[in-house]
2 protein chains.
Amino acid sequence: MATPETPRTPPPTPDPELASRLRLVVVRTARRLRQESGGVGPELSPTLTAALATIDRCGPLTPSALAEAERIQRPTATRIVARLEQHGLVSRASDPDDGRVSLVEITREGRALMKRIRSRKNEYLAKRLRTLTPQERETLTAAAELLERLLEDPAATASQKAAAVPR
Amino acid sequence: MATPETPRTPPPTPDPELASRLRLVVVRTARRLRQESGGVGPELSPTLTAALATIDRCGPLTPSALAEAERIQRPTATRIVARLEQHGLVSRASDPDDGRVSLVEITREGRALMKRIRSRKNEYLAKRLRTLTPQERETLTAAAELLERLLEDPAATASQKAAAVPR
DNA sequence: CTAAAGTAGTTAGCAACGCTAACTAGCCAC
DNA sequence: GTGGCTAGTTAGCGTTGCTAACTACTTTAG
């Protein structure tokens, strides 16, 4: 098994293989998280949690802004906000300057839930993480940051999609 | 932005925070991958791709074994196999010894598709990965390995991490 | 000032994927 | 054989993503 701290894998890292591998592991991990989150308690699904986190972090924002931040389509954002609102986790306010936009904001309850989620819902993952060495956790932290970076910059992606028409 | 420029995690990394962060980034990455894969061409969804990869790697196996490997329920495996079979990517054979079980195997076409997928469908990810430094890619490789380990059963994990005793 | 164009949000409907519950079919123990 | 186990399937549900099309408001042009 590779020791993450030692760059003992110098040459043989062809992109396609790493891409494949990342694909698989990310898909499987996401699935696993979804499974876990469901059973733990009366908590939110990963999707709603991620959205709530964004709303929390980015302050009051419009559904469109949420869609952009989460890389989802506006209709999806609409539904997500509706669900969160239904649970009393976010509230909406009309923009006085522009009657079209509505500003979504996290509520006190929402914030409290986020806090609870951070400490409790991640129990599964956190427990697993605790079995790793500090160096390994560092690796994951760095990887998370890299992925975050990869997720940004929609330019290349958008142009790719535009080029791929036939279907 | 490469070598010495990642002052990542000099301070302690509390588990809950890392867990949260991993959660979010994994969920979002998975979503992104799903979006990309759909539009690029006549390719498979991430779920089907992952399943096909497992069938390819683990040789002929039963639907139950697939379910276990992919951490899904048997009915889900049934549907996935049906879809793959529909596309001619896998074939089934009855076990002569046990009339209940059916053995699923990847076909030549399936193998060819896997090959194509590895080189083509990951284009999006691979392209992004190419913007990283070798060291960063190494980090992701190590992270993928860690996540693979974390995905395994607690029992299996425990035995494997025998070398890396948590404190 | 009114008409056209653009933008924010929503609604409606579709497909993928995961689940549980319940059924069928084959195997084995008695 | 009958009863119980296991493998696989079918049926049905909920979530989450999408696109297309609609409404409502704003902005711009004439």
# chains A, B, ... in the order shown; residues from 1 in each chain; ligands from 1
$ closest_atom_pairs --of "chain D" --to "chain A" --cutoff "8 Å" --atoms "only C-alpha atoms (C1' of nucleotides)" --output "tab-separated table"
residue	atom	partner	partner_atom	distance
D:DG17	C1'	A:Thr76	CA	7.4
D:DC18	C1'	A:Gln73	CA	7.9
D:DA24	C1'	A:Arg100	CA	7.0
D:DC25	C1'	A:Arg100	CA	5.4
D:DT26	C1'	A:Asp98	CA	7.6
$ closest_atom_pairs --of "segment 84-161 of chain B" --to "segment 51-58 of chain B" --cutoff "12 Å" --atoms "only C-alpha atoms" --output "JSON lines"
{"residue": "B:Leu84", "atom": "CA", "partner": "B:Leu52", "partner_atom": "CA", "distance": 7.7}
{"residue": "B:Glu85", "atom": "CA", "partner": "B:Leu52", "partner_atom": "CA", "distance": 10.4}
{"residue": "B:His87", "atom": "CA", "partner": "B:Leu52", "partner_atom": "CA", "distance": 11.4}
{"residue": "B:Gly88", "atom": "CA", "partner": "B:Leu52", "partner_atom": "CA", "distance": 11.5}
{"residue": "B:Leu89", "atom": "CA", "partner": "B:Leu52", "partner_atom": "CA", "distance": 8.0}
{"residue": "B:Val90", "atom": "CA", "partner": "B:Leu52", "partner_atom": "CA", "distance": 8.0}
{"residue": "B:Ser91", "atom": "CA", "partner": "B:Ile55", "partner_atom": "CA", "distance": 10.5}
{"residue": "B:Arg92", "atom": "CA", "partner": "B:Ile55", "partner_atom": "CA", "distance": 11.5}
{"residue": "B:Leu103", "atom": "CA", "partner": "B:Ile55", "partner_atom": "CA", "distance": 10.2}
{"residue": "B:Val104", "atom": "CA", "partner": "B:Ile55", "partner_atom": "CA", "distance": 7.4}
{"residue": "B:Glu105", "atom": "CA", "partner": "B:Ile55", "partner_atom": "CA", "distance": 6.4}
{"residue": "B:Ile106", "atom": "CA", "partner": "B:Asp56", "partner_atom": "CA", "distance": 5.7}
{"residue": "B:Thr107", "atom": "CA", "partner": "B:Asp56", "partner_atom": "CA", "distance": 8.9}
{"residue": "B:Arg108", "atom": "CA", "partner": "B:Asp56", "partner_atom": "CA", "distance": 10.3}
{"residue": "B:Glu109", "atom": "CA", "partner": "B:Leu52", "partner_atom": "CA", "distance": 11.4}
{"residue": "B:Gly110", "atom": "CA", "partner": "B:Leu52", "partner_atom": "CA", "distance": 7.6}
{"residue": "B:Arg111", "atom": "CA", "partner": "B:Asp56", "partner_atom": "CA", "distance": 7.2}
{"residue": "B:Ala112", "atom": "CA", "partner": "B:Asp56", "partner_atom": "CA", "distance": 10.8}
{"residue": "B:Leu113", "atom": "CA", "partner": "B:Leu52", "partner_atom": "CA", "distance": 9.5}
{"residue": "B:Met114", "atom": "CA", "partner": "B:Ala53", "partner_atom": "CA", "distance": 7.1}
{"residue": "B:Lys115", "atom": "CA", "partner": "B:Ala53", "partner_atom": "CA", "distance": 10.1}
{"residue": "B:Ile117", "atom": "CA", "partner": "B:Ala53", "partner_atom": "CA", "distance": 10.2}
{"residue": "B:Arg118", "atom": "CA", "partner": "B:Ala53", "partner_atom": "CA", "distance": 10.1}
$ write_last_selection --atoms "N, CA and C atoms" --output "mmCIF file, in the first residue's frame"
data_model
loop_
_atom_site.group_PDB
_atom_site.id
_atom_site.type_symbol
_atom_site.label_atom_id
_atom_site.label_comp_id
_atom_site.auth_asym_id
_atom_site.auth_seq_id
_atom_site.Cartn_x
_atom_site.Cartn_y
_atom_site.Cartn_z
ATOM 1 N N LEU B 84 -27.114 -3.342 -18.724
ATOM 2 C CA LEU B 84 -25.854 -3.641 -19.398
ATOM 3 C C LEU B 84 -26.058 -4.731 -20.446
ATOM 4 N N GLU B 85 -26.885 -5.696 -20.094
ATOM 5 C CA GLU B 85 -27.143 -6.784 -21.028
ATOM 6 C C GLU B 85 -27.879 -6.255 -22.253
ATOM 7 N N HIS B 87 -27.601 -3.496 -23.545
ATOM 8 C CA HIS B 87 -26.639 -2.834 -24.404
ATOM 9 C C HIS B 87 -25.601 -3.802 -24.971
ATOM 10 N N GLY B 88 -25.739 -5.058 -24.635
ATOM 11 C CA GLY B 88 -24.805 -6.044 -25.150
ATOM 12 C C GLY B 88 -23.422 -5.971 -24.531
ATOM 13 N N LEU B 89 -23.349 -5.386 -23.366
ATOM 14 C CA LEU B 89 -22.041 -5.196 -22.743
ATOM 15 C C LEU B 89 -21.670 -6.334 -21.806
ATOM 16 N N VAL B 90 -22.683 -7.048 -21.361
ATOM 17 C CA VAL B 90 -22.420 -8.219 -20.529
ATOM 18 C C VAL B 90 -23.311 -9.362 -21.023
ATOM 19 N N SER B 91 -22.931 -10.549 -20.620
ATOM 20 C CA SER B 91 -23.747 -11.707 -20.969
ATOM 21 C C SER B 91 -23.921 -12.548 -19.717
ATOM 22 N N ARG B 92 -24.952 -13.350 -19.713
ATOM 23 C CA ARG B 92 -25.216 -14.175 -18.542
ATOM 24 C C ARG B 92 -25.119 -15.633 -18.924
ATOM 25 N N LEU B 103 -24.336 -16.281 -13.867
ATOM 26 C CA LEU B 103 -23.027 -15.654 -13.874
ATOM 27 C C LEU B 103 -22.974 -14.569 -14.942
ATOM 28 N N VAL B 104 -22.563 -13.412 -14.516
ATOM 29 C CA VAL B 104 -22.524 -12.282 -15.432
ATOM 30 C C VAL B 104 -21.078 -12.061 -15.851
ATOM 31 N N GLU B 105 -20.909 -11.860 -17.139
ATOM 32 C CA GLU B 105 -19.563 -11.712 -17.669
ATOM 33 C C GLU B 105 -19.555 -10.575 -18.675
ATOM 34 N N ILE B 106 -18.450 -9.904 -18.754
ATOM 35 C CA ILE B 106 -18.350 -8.815 -19.716
ATOM 36 C C ILE B 106 -18.136 -9.392 -21.101
ATOM 37 N N THR B 107 -18.714 -8.753 -22.098
ATOM 38 C CA THR B 107 -18.558 -9.225 -23.477
ATOM 39 C C THR B 107 -17.389 -8.505 -24.130
ATOM 40 N N ARG B 108 -17.118 -8.925 -25.352
ATOM 41 C CA ARG B 108 -16.051 -8.270 -26.076
ATOM 42 C C ARG B 108 -16.385 -6.791 -26.272
ATOM 43 N N GLU B 109 -17.644 -6.584 -26.607
ATOM 44 C CA GLU B 109 -18.088 -5.199 -26.780
ATOM 45 C C GLU B 109 -17.928 -4.390 -25.494
ATOM 46 N N GLY B 110 -18.299 -5.052 -24.407
ATOM 47 C CA GLY B 110 -18.195 -4.377 -23.127
ATOM 48 C C GLY B 110 -16.762 -3.985 -22.832
ATOM 49 N N ARG B 111 -15.888 -4.900 -23.139
ATOM 50 C CA ARG B 111 -14.480 -4.632 -22.879
ATOM 51 C C ARG B 111 -13.989 -3.482 -23.758
ATOM 52 N N ALA B 112 -14.449 -3.533 -25.000
ATOM 53 C CA ALA B 112 -14.043 -2.468 -25.925
ATOM 54 C C ALA B 112 -14.567 -1.125 -25.422
ATOM 55 N N LEU B 113 -15.788 -1.142 -24.931
ATOM 56 C CA LEU B 113 -16.360 0.107 -24.436
ATOM 57 C C LEU B 113 -15.589 0.618 -23.235
ATOM 58 N N MET B 114 -15.248 -0.307 -22.372
ATOM 59 C CA MET B 114 -14.484 0.100 -21.186
ATOM 60 C C MET B 114 -13.193 0.790 -21.608
ATOM 61 N N LYS B 115 -12.592 0.215 -22.614
ATOM 62 C CA LYS B 115 -11.345 0.793 -23.090
ATOM 63 C C LYS B 115 -11.579 2.200 -23.628
ATOM 64 N N ILE B 117 -14.037 4.112 -22.906
ATOM 65 C CA ILE B 117 -14.414 4.996 -21.814
ATOM 66 C C ILE B 117 -13.184 5.515 -21.102
ATOM 67 N N ARG B 118 -12.272 4.610 -20.864
ATOM 68 C CA ARG B 118 -11.093 5.009 -20.107
ATOM 69 C C ARG B 118 -10.348 6.120 -20.811
#
$ closest_atom_pairs --of "chain C" --to "chain B" --cutoff "10 Å" --atoms "only C-alpha atoms (C1' of nucleotides)" --output "CSV"
residue,atom,partner,partner_atom,distance
C:DA16,C1',B:Ser45,CA,8.5
C:DC17,C1',B:Thr76,CA,8.0
C:DG18,C1',B:Thr76,CA,7.4
C:DC19,C1',B:Gln73,CA,7.8
C:DT20,C1',B:Gln73,CA,9.8
C:DA25,C1',B:Arg100,CA,7.0
C:DG26,C1',B:Arg100,CA,5.3
C:DC27,C1',B:Asp98,CA,7.5
$ select_by_dssp --residues "segment 5-130 of chain B" --states "alpha helix (DSSP H)" --output "PyMOL selection string"
chain B and resi 15-40+46-57+63-70+74-86+108-116+123-129
